[in-house]
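Printed here is query-v6.cif (mmCIF, C-alpha atoms):
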data_data
loop_
_atom_site.label_atom_id
_atom_site.label_comp_id
_atom_site.auth_asym_id
_atom_site.auth_seq_id
_atom_site.Cartn_x
_atom_site.Cartn_y
_atom_site.Cartn_z
CA MET H 164 0.00 0.00 0.00
CA THR H 165 1.36 3.42 -0.94
CA PHE H 166 1.72 6.29 1.53
CA GLN H 167 -1.22 8.06 -0.16
CA GLN H 168 -3.40 4.96 0.20
CA THR H 169 -2.42 4.60 3.84
CA VAL H 170 -3.46 8.19 4.52
CA GLN H 171 -6.75 7.76 2.65
CA HIS H 172 -7.67 4.69 4.72
CA ALA H 173 -6.85 6.16 8.13
CA PRO H 174 -9.97 5.88 10.33
CA THR H 175 -11.68 9.03 11.60
CA PRO H 176 -11.39 9.25 15.42
CA PRO H 177 -14.65 9.55 17.42
CA ALA H 178 -13.62 12.97 18.77
CA LEU H 179 -13.82 14.23 15.18
CA LEU H 180 -16.48 11.97 13.67
CA ASP H 181 -19.08 12.55 16.38
CA ALA H 182 -18.26 16.18 17.20
CA PRO H 183 -21.31 18.45 17.50
CA VAL H 184 -21.51 21.96 16.06
CA LEU H 185 -20.22 24.24 18.83
CA ALA H 186 -19.53 27.44 16.87
CA HIS H 187 -21.24 29.41 14.11
CA VAL H 188 -19.66 31.95 11.81
CA VAL H 189 -22.36 34.59 11.45
CA ARG H 190 -22.25 37.23 8.69
CA GLY H 191 -25.00 39.83 8.54
CA GLY H 192 -27.30 37.68 10.65
CA PHE H 193 -26.79 34.63 8.38
CA VAL H 194 -24.86 31.53 9.49
CA GLU H 195 -22.14 31.24 6.87
CA SER H 196 -20.09 28.37 8.34
CA ALA H 197 -20.07 26.01 11.30
CA HIS H 198 -17.31 24.40 13.37
CA ARG H 199 -17.68 21.03 15.08
CA ALA H 200 -15.76 20.32 18.25
CA SER H 201 -15.50 17.87 21.13
CA VAL H 202 -14.92 18.96 24.73
CA VAL H 203 -14.25 17.07 27.96
CA VAL H 204 -14.18 18.59 31.45
CA THR H 205 -12.77 16.40 34.20
CA ALA H 206 -13.46 16.70 37.92
CA ALA H 207 -10.74 17.02 40.55
CA ASP H 208 -10.63 13.22 40.86
CA GLY H 209 -10.01 12.90 37.12
CA THR H 210 -13.43 11.56 36.17
CA PRO H 211 -15.35 13.27 33.34
CA GLU H 212 -18.01 15.69 34.57
CA LEU H 213 -18.97 17.23 31.22
CA SER H 214 -18.66 15.84 27.70
CA LEU H 215 -19.71 17.53 24.48
CA GLY H 216 -19.30 15.12 21.60
CA SER H 217 -17.35 11.88 21.84
CA ASP H 218 -14.05 11.29 23.57
CA GLY H 219 -11.11 9.48 22.04
CA PRO H 220 -7.43 9.91 21.21
CA VAL H 221 -6.24 13.12 19.58
CA PHE H 222 -2.81 14.59 19.01
CA PRO H 223 -2.63 17.44 21.56
CA ARG H 224 0.20 18.92 19.51
CA SER H 225 1.77 21.77 21.52
CA SER H 226 -0.72 21.35 24.34
CA ASN H 227 1.59 18.52 25.43
CA LYS H 228 4.47 20.93 26.06
CA PRO H 229 3.90 21.63 29.79
CA LEU H 230 3.80 17.86 30.36
CA GLN H 231 6.97 17.44 28.33
CA ALA H 232 8.57 20.21 30.38
CA LEU H 233 7.56 18.35 33.54
CA ALA H 234 9.41 15.27 32.27
CA MET H 235 12.48 17.43 31.72
CA VAL H 236 12.31 18.90 35.23
CA ARG H 237 11.92 15.39 36.64
CA SER H 238 15.03 14.47 34.65
CA GLY H 239 17.07 17.18 36.34
CA LEU H 240 16.52 20.29 34.20
CA ARG H 241 16.72 23.45 36.28
CA LEU H 242 15.74 26.76 34.71
CA GLU H 243 14.68 30.16 35.98
CA PRO H 244 10.87 30.42 35.99
CA GLU H 245 10.60 32.55 32.83
CA LEU H 246 12.82 30.10 30.96
CA LEU H 247 10.80 27.14 32.24
CA ALA H 248 7.67 28.87 30.92
CA LEU H 249 9.52 29.27 27.62
CA ALA H 250 10.22 25.51 27.62
CA CYS H 251 6.42 25.04 27.78
CA SER H 252 5.77 27.56 25.03
CA SER H 253 4.77 27.97 21.45
CA HIS H 254 6.28 31.43 21.59
CA SER H 255 5.50 34.32 19.28
CA GLY H 256 9.10 34.97 18.25
CA GLU H 257 9.41 38.30 20.04
CA ASP H 258 12.88 39.48 20.99
CA PHE H 259 12.57 38.44 24.63
CA HIS H 260 11.58 34.92 23.54
CA LEU H 261 14.61 34.56 21.30
CA GLU H 262 16.94 35.90 23.95
CA GLY H 263 15.47 33.40 26.42
CA VAL H 264 16.15 30.51 24.06
CA ARG H 265 19.74 31.68 23.70
CA ARG H 266 20.06 31.75 27.51
CA ILE H 267 18.83 28.15 27.80
CA LEU H 268 21.31 27.01 25.16
CA SER H 269 24.28 28.93 26.51
CA GLY H 270 23.61 27.60 30.01
CA ALA H 271 24.11 24.10 28.61
CA GLY H 272 27.20 25.06 26.61
CA LEU H 273 25.27 24.93 23.34
CA SER H 274 24.34 27.31 20.53
CA GLU H 275 21.60 27.89 17.97
CA ALA H 276 23.40 25.47 15.66
CA ASP H 277 22.40 22.60 17.98
CA LEU H 278 18.67 23.21 17.52
CA GLN H 279 16.95 20.66 15.28
CA ASN H 280 13.45 22.13 15.14
CA THR H 281 12.16 23.10 11.70
CA PRO H 282 13.28 26.59 10.61
CA ASP H 283 10.40 29.03 10.30
CA TRP H 284 9.35 32.67 10.60
CA PRO H 285 8.21 34.05 13.98
CA TYR H 286 4.66 32.96 14.86
CA ASP H 287 3.48 36.50 15.59
CA GLN H 288 2.41 38.26 12.40
CA GLN H 289 3.92 41.61 13.36
CA GLU H 290 7.24 39.98 14.16
CA GLN H 291 7.10 37.95 10.94
CA ASP H 292 6.42 41.07 8.89
CA ARG H 293 9.35 42.82 10.56
CA TRP H 294 11.71 39.92 9.84
CA LYS H 295 10.72 39.85 6.18
CA HIS H 296 11.07 43.63 5.89
CA GLU H 297 14.57 43.35 7.34
CA GLY H 298 15.45 40.57 4.89
CA ARG H 299 15.89 37.95 7.60
CA GLN H 300 15.32 34.29 6.82
CA ARG H 301 13.48 31.45 8.53
CA SER H 302 15.44 30.01 11.43
CA SER H 303 15.14 27.33 14.10
CA LEU H 304 15.58 30.04 16.74
CA ALA H 305 12.55 31.98 15.48
CA GLN H 306 10.31 28.92 15.14
CA ASN H 307 7.75 28.74 17.93
CA CYS H 308 9.03 25.45 19.41
CA SER H 309 12.63 26.59 19.95
CA GLY H 310 12.12 27.00 23.70
CA LYS H 311 11.10 23.36 24.04
CA HIS H 312 13.94 22.17 21.81
CA ALA H 313 16.52 24.22 23.71
CA ALA H 314 15.24 22.76 26.99
CA MET H 315 15.32 19.25 25.54
CA LEU H 316 18.95 19.74 24.55
CA ALA H 317 19.81 21.14 27.99
CA THR H 318 18.16 18.11 29.62
CA CYS H 319 20.27 15.81 27.44
CA VAL H 320 23.46 17.63 28.42
CA HIS H 321 22.57 17.36 32.12
CA ASN H 322 22.06 13.61 31.84
CA GLY H 323 24.88 12.84 29.44
CA TRP H 324 22.40 11.76 26.75
CA ASP H 325 23.19 12.05 23.06
CA THR H 326 22.16 15.46 21.73
CA ALA H 327 22.31 14.49 18.05
CA THR H 328 19.40 12.04 18.35
CA TYR H 329 17.22 13.81 20.92
CA ARG H 330 14.22 13.84 18.55
CA ASP H 331 14.17 10.05 18.12
CA ALA H 332 11.16 8.36 19.73
CA GLY H 333 13.45 5.77 21.34
CA HIS H 334 15.76 8.36 22.93
CA PRO H 335 15.79 8.35 26.77
CA LEU H 336 14.43 11.91 26.76
CA GLN H 337 11.42 11.02 24.59
CA GLN H 338 10.81 7.86 26.61
CA ALA H 339 10.73 9.95 29.80
CA MET H 340 8.25 12.33 28.17
CA ALA H 341 5.98 9.45 27.13
CA ALA H 342 6.05 8.00 30.64
CA THR H 343 5.19 11.36 32.22
CA LEU H 344 2.33 11.95 29.80
CA GLU H 345 0.93 8.48 30.50
CA GLU H 346 1.21 8.98 34.26
CA LEU H 347 -0.61 12.31 34.39
CA ALA H 348 -3.18 11.36 31.76
CA GLY H 349 -3.84 8.06 33.50
CA GLU H 350 -3.76 6.11 30.25
CA PRO H 351 -1.30 4.77 27.67
CA VAL H 352 -0.18 6.80 24.67
CA ALA H 353 -2.47 5.81 21.81
CA ALA H 354 -0.26 6.82 18.88
CA THR H 355 3.04 8.54 18.14
CA ALA H 356 3.92 10.60 15.08
CA VAL H 357 6.23 13.47 14.09
CA ASP H 358 5.09 16.95 15.10
CA GLY H 359 5.53 20.00 12.90
CA CYS H 360 8.78 20.92 14.67
CA GLY H 361 10.29 17.46 14.11
CA ALA H 362 9.91 16.07 17.65
CA PRO H 363 7.56 13.19 18.52
CA VAL H 364 3.92 14.00 19.25
CA MET H 365 1.92 11.54 21.34
CA ALA H 366 -1.84 11.02 21.33
CA VAL H 367 -4.09 10.69 24.38
CA THR H 368 -7.82 11.05 24.84
CA LEU H 369 -9.38 14.42 25.55
CA ALA H 370 -10.25 13.15 29.03
CA GLY H 371 -6.63 12.13 29.56
CA LEU H 372 -5.38 15.53 28.44
CA ALA H 373 -7.86 17.34 30.68
CA ARG H 374 -6.96 15.06 33.61
CA ALA H 375 -3.26 15.75 33.13
CA PHE H 376 -3.75 19.52 33.17
CA GLY H 377 -6.01 19.34 36.22
CA ARG H 378 -3.31 17.45 38.08
CA LEU H 379 -0.65 19.92 36.97
CA ALA H 380 -2.69 22.93 38.10
CA ALA H 381 -3.61 21.46 41.50
CA ALA H 382 -0.15 20.15 42.39
CA GLY H 383 1.08 20.73 45.92
CA GLU H 384 3.98 22.86 47.09
CA ASP H 385 7.55 21.67 46.49
CA THR H 386 6.64 19.35 43.63
CA HIS H 387 7.99 19.36 40.10
CA GLU H 388 4.43 19.75 38.82
CA ARG H 389 3.99 22.88 40.91
CA ALA H 390 7.25 24.33 39.57
CA VAL H 391 5.97 24.01 36.00
CA ALA H 392 2.52 25.36 36.86
CA ASP H 393 3.93 28.34 38.76
CA ALA H 394 6.33 29.18 35.92
CA ILE H 395 3.38 29.37 33.51
CA ARG H 396 1.32 31.44 35.95
CA SER H 397 4.09 33.90 36.73
CA HIS H 398 5.38 34.35 33.16
CA PRO H 399 2.48 33.86 30.72
CA ALA H 400 4.05 36.18 28.14
CA TYR H 401 6.87 33.63 27.79
CA LEU H 402 4.26 30.88 27.28
CA GLY H 403 2.70 32.64 24.30
CA GLY H 404 3.35 36.30 23.56
CA THR H 405 2.15 39.82 24.15
CA ARG H 406 -0.70 39.46 21.62
CA ARG H 407 -1.77 35.85 22.30
CA ASP H 408 -5.06 34.57 23.74
CA VAL H 409 -3.36 31.90 25.86
CA THR H 410 -1.30 34.61 27.57
CA ALA H 411 -4.41 36.70 28.23
CA LEU H 412 -6.22 33.65 29.59
CA VAL H 413 -3.50 32.79 32.11
CA GLN H 414 -3.04 36.45 33.10
CA GLY H 415 -6.75 36.95 33.63
CA THR H 416 -7.62 33.77 35.53
CA PRO H 417 -6.14 33.17 39.00
CA GLY H 418 -4.64 29.70 39.41
CA LEU H 419 -5.21 28.61 35.82
CA VAL H 420 -2.65 26.94 33.57
CA ALA H 421 -3.28 26.48 29.86
CA LYS H 422 -1.65 25.61 26.57
CA ASP H 423 -2.93 26.05 23.05
CA GLY H 424 -2.00 23.59 20.33
CA ALA H 425 -1.95 23.36 16.55
CA GLU H 426 -5.00 21.99 14.75
CA ALA H 427 -7.26 23.81 17.25
CA VAL H 428 -6.53 22.08 20.54
CA TYR H 429 -6.79 23.77 23.93
CA ALA H 430 -5.94 22.29 27.32
CA VAL H 431 -6.65 24.00 30.64
CA GLY H 432 -6.05 23.12 34.27
CA LEU H 433 -7.81 24.87 37.15
CA ALA H 434 -6.46 25.32 40.66
CA ASP H 435 -9.27 23.16 42.07
CA GLY H 436 -8.06 20.20 40.03
CA ARG H 437 -10.59 20.34 37.20
CA GLY H 438 -9.30 20.05 33.67
CA ILE H 439 -10.61 21.01 30.23
CA ALA H 440 -9.58 19.75 26.81
CA LEU H 441 -11.14 20.64 23.48
CA LYS H 442 -10.47 19.85 19.86
CA VAL H 443 -12.10 21.63 16.90
CA ALA H 444 -12.72 18.88 14.36
CA ASP H 445 -11.63 20.81 11.26
CA GLY H 446 -8.50 22.22 12.92
CA GLY H 447 -9.70 25.80 12.43
CA GLN H 448 -8.16 28.04 15.06
CA ARG H 449 -10.73 30.86 14.91
CA ALA H 450 -13.35 28.89 16.86
CA ARG H 451 -10.99 27.51 19.51
CA PRO H 452 -10.87 30.42 22.02
CA VAL H 453 -14.56 31.20 21.48
CA ILE H 454 -15.62 27.67 22.41
CA LEU H 455 -13.25 27.57 25.38
CA ALA H 456 -14.66 30.82 26.76
CA ALA H 457 -18.19 29.38 26.53
CA VAL H 458 -17.10 26.22 28.37
CA LEU H 459 -15.42 28.27 31.11
CA ARG H 460 -18.60 30.30 31.54
CA ARG H 461 -20.72 27.14 31.68
CA ILE H 462 -18.65 25.59 34.48
CA GLY H 463 -18.58 28.83 36.47
CA VAL H 464 -14.98 29.99 35.99
CA ALA H 465 -14.57 33.73 36.48
CA SER H 466 -11.91 35.32 34.29
CA ASP H 467 -11.04 38.80 33.10
CA ALA H 468 -10.03 37.24 29.76
CA LEU H 469 -13.34 35.76 28.63
CA ASP H 470 -14.50 38.83 26.71
CA ALA H 471 -11.19 38.93 24.85
CA LEU H 472 -11.38 35.22 24.00
CA GLU H 473 -14.88 35.70 22.62
CA ALA H 474 -13.90 38.68 20.47
CA ALA H 475 -13.87 37.08 17.00
CA PRO H 476 -15.37 39.54 14.52
CA VAL H 477 -16.29 38.64 10.96
CA LEU H 478 -15.28 41.47 8.62
CA GLY H 479 -16.89 42.92 5.54
CA HIS H 480 -14.98 45.65 3.69
CA GLY H 481 -12.75 45.91 6.76
CA GLU H 482 -15.64 46.49 9.17
CA PRO H 483 -17.30 44.07 11.63
CA VAL H 484 -20.42 42.56 10.06
CA GLY H 485 -20.77 39.49 12.28
CA ALA H 486 -18.83 37.22 14.60
CA VAL H 487 -17.75 33.70 15.43
CA VAL H 488 -20.04 32.65 18.28
CA ALA H 489 -20.36 29.56 20.44
CA VAL H 490 -23.54 27.47 20.21
CA GLY H 491 -24.70 24.42 22.08
CA VAL H 492 -22.30 24.79 25.00
#

Would you kindly transcribe this structure into structure tokens?
Amino acid sequence: MTFQQTVQHAPTPPALLDAPVLAHVVRGGFVESAHRASVVVTAADGTPELSLGSDGPVFPRSSNKPLQALAMVRSGLRLEPELLALACSSHSGEDFHLEGVRRILSGAGLSEADLQNTPDWPYDQQEQDRWKHEGRQRSSLAQNCSGKHAAMLATCVHNGWDTATYRDAGHPLQQAMAATLEELAGEPVAATAVDGCGAPVMAVTLAGLARAFGRLAAAGEDTHERAVADAIRSHPAYLGGTRRDVTALVQGTPGLVAKDGAEAVYAVGLADGRGIALKVADGGQRARPVILAAVLRRIGVASDALDALEAAPVLGHGEPVGAVVAVGV
């Protein structure tokens, strides 16, 4: 069977196949498009307390990063809190992000040349425009996963592990990450593939992802989990960027930890131990924060960021003529 045939015959996961419509794109009072999504909210004991759609394995993509960072801390990585938040990040490529990545590398006796993540422009559109105007090229440093990759390399140096093969699924670093994800999710990894940055990405169910974030957010003092959670809470701009919804969400919600992911994934942990995970079936990012805000409202979470998350105007001739709105939550 060819690669194309293999792709064509891949089964559709329940979290996508059975996802209900949870967002409308409304233009001039007319519903122009609809986004399907699945959501799971877990209680403090890890059991599901709210499900919209069907659960099942998904690739959390970058929503796995705080759990990967936890594995690195458990393996001996020690970083200042802002740099630990950067290890959890899909950063925007702002100057302070890039300087932070350089600090992680230099602390391990490494340089930008050791990074193996896929070269790219900065994630933030303003930063990307500036780079192009200045004639700068795509680089591994600018790519949004460079904080994680720098931290992975630093963890390898600390443990004496090979740095040339750190992206291999069988590498001790990646094995530690898989074990940590399975422990916090309370279930085995369902599938492993290559993420956009070149590192392994591991699938768990939405309930498992929500459970993991709830445990991270509710961790007790003097634990590795608490160190990761507190780094995210104290330095949310390093987690995302100055113009990112995930940064606004963490800044505006006491005790919350969160991480956005590619293909429209969002994972949230609350200080009381509840967790939230959502996946928009078509991978469209525009509905992701809108749906999350509606879920947070439904379960009674107060946040100064909800209005900002729900601000998703639909434009006509450059002016708002509608909005992306949550439905059925």

Using the chain letters and numbering of this document, enumerate as a ChimeraX atom specification the residues selected by the PyMOL selection byres ((chain H and resi 275) around 8).
/H:265,268,273-274,276-278,303-304

Using all atoms listed in the file, the residue out of H:His172, H:Lys422, H:Arg437, H:Arg199 with shortest distance to Val464 of chain H is H:Arg437

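Taking only C-alpha atoms into account, Pro211 of chain H lies nearest to H:Gly371 out of the set H:Gly481, H:Ala444, H:Gly371, H:Asp393.
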
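What the PyMOL selection byres ((chain H and resi 321) around 9) matches in the given file is Ser238, Gly239, Leu240, Ala271, Leu316, Ala317, Thr318, Cys319, Val320, Asn322, Gly323 and Trp324 of chain H.
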
Please produce an output containing C-alpha atoms for each residue in the selection, written as a compact mmCIF listing (two decimals), in the coordinates of the input.
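In the end it all went to part-v6.txt:
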# COMPACT_ATOMS: atom_id res chain seq x y z
CA SER H 238 15.03 14.47 34.65
CA GLY H 239 17.07 17.18 36.34
CA LEU H 240 16.52 20.29 34.20
CA ALA H 271 24.11 24.10 28.61
CA LEU H 316 18.95 19.74 24.55
CA ALA H 317 19.81 21.14 27.99
CA THR H 318 18.16 18.11 29.62
CA CYS H 319 20.27 15.81 27.44
CA VAL H 320 23.46 17.63 28.42
CA ASN H 322 22.06 13.61 31.84
CA GLY H 323 24.88 12.84 29.44
CA TRP H 324 22.40 11.76 26.75

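Minimum atom-to-atom distances from H:Val202, H:Ala425, H:Ala327, H:Val458 to Pro177 of chain H were compared using only C-alpha atoms, and the lowest value belongs to H:Val202.
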
Counting only C-alpha atoms, the residue among H:Ala366, H:Ala182, H:Leu419, H:Leu472 that lies closest to Leu215 of chain H is H:Ala182

Between H:Thr386, H:Thr368, H:Gln300, H:Ser269, smallest distance to Leu233 of chain H by all atoms listed in the file belongs to H:Thr386

Applying the PyMOL selection byres ((chain H and resi 302) around 8) to the file I just gave you, which residues come out? Please list them as an MDAnalysis selection string. chainID H and resid 281:284 300:301 303:306

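Of the residues under consideration (H:Asp423, H:Val492, H:Ala381, H:Lys228), H:Val492 shows the shortest atom-to-atom contact distance to Val184 of chain H when counting only C-alpha atoms.
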
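Between atom CA of Pro417 of chain H and atom CA of Ala373 of chain H there is a distance of 18.0 Å.
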
Problem set entry | Residues near segment 430-433 of chain H, cut-off 8 Å, only C-alpha atoms, skip fewer than 6 positions along chain, as a list of chain:residue names | H:Ser226, H:Leu372, H:Ala373, H:Ala375, H:Phe376, H:Gly377, H:Arg378, H:Leu379, H:Ala380, H:Ala381, H:Gly418, H:Leu419, H:Val420, H:Ala421, H:Lys422, H:Asp423, H:Ile439, H:Ala440, H:Leu441

Polymer residues at most 10 Å from (7.2, 35.8, 31.9) by all atoms listed in the file, as an mmCIF file with C-alpha atoms, in the frame of the given file:
data_model
loop_
_atom_site.group_PDB
_atom_site.id
_atom_site.type_symbol
_atom_site.label_atom_id
_atom_site.label_comp_id
_atom_site.auth_asym_id
_atom_site.auth_seq_id
_atom_site.Cartn_x
_atom_site.Cartn_y
_atom_site.Cartn_z
ATOM 1 C CA PRO H 244 10.870 30.420 35.990
ATOM 2 C CA GLU H 245 10.600 32.550 32.830
ATOM 3 C CA LEU H 246 12.820 30.100 30.960
ATOM 4 C CA LEU H 247 10.800 27.140 32.240
ATOM 5 C CA ALA H 248 7.670 28.870 30.920
ATOM 6 C CA LEU H 249 9.520 29.270 27.620
ATOM 7 C CA PHE H 259 12.570 38.440 24.630
ATOM 8 C CA HIS H 260 11.580 34.920 23.540
ATOM 9 C CA ALA H 394 6.330 29.180 35.920
ATOM 10 C CA ILE H 395 3.380 29.370 33.510
ATOM 11 C CA ARG H 396 1.320 31.440 35.950
ATOM 12 C CA SER H 397 4.090 33.900 36.730
ATOM 13 C CA HIS H 398 5.380 34.350 33.160
ATOM 14 C CA PRO H 399 2.480 33.860 30.720
ATOM 15 C CA ALA H 400 4.050 36.180 28.140
ATOM 16 C CA TYR H 401 6.870 33.630 27.790
ATOM 17 C CA LEU H 402 4.260 30.880 27.280
ATOM 18 C CA GLY H 403 2.700 32.640 24.300
ATOM 19 C CA GLY H 404 3.350 36.300 23.560
ATOM 20 C CA THR H 410 -1.300 34.610 27.570
#

Separating atom CA of Arg266 of chain H from atom CA of Gln279 of chain H, to the nearest tenth of an Å, is a gap of 16.8 Å

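Atom pair atom CA of Arg451 of chain H / atom CA of Ala206 of chain H has a distance of 21.5 Å (rounded to one decimal).
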
task: Identify, on the basis of all atoms listed in the file, every residue whose closest approach to Leu230 of chain H does not exceed 8 Å; exclude the query and any residue fewer than 4 positions from it along the same chain; express the result as a PyMOL selection string.
output: chain H and resi 234+340+343-344+375

Dump C-alpha atoms for the selected residues as a compact mmCIF listing (two decimals), keeping the file's coordinate frame?
# COMPACT_ATOMS: atom_id res chain seq x y z
CA ALA H 234 9.41 15.27 32.27
CA MET H 340 8.25 12.33 28.17
CA THR H 343 5.19 11.36 32.22
CA LEU H 344 2.33 11.95 29.80
CA ALA H 375 -3.26 15.75 33.13

_With all atoms listed in the file as the counted atoms, please give the residues lying no more than 10 Å from Ala475 of chain H, apart from itself and same-chain residues fewer than 6 positions off, as an NGL selection string._
:H and (188 or 449-450 or 452-453 or 483 or 485-488)
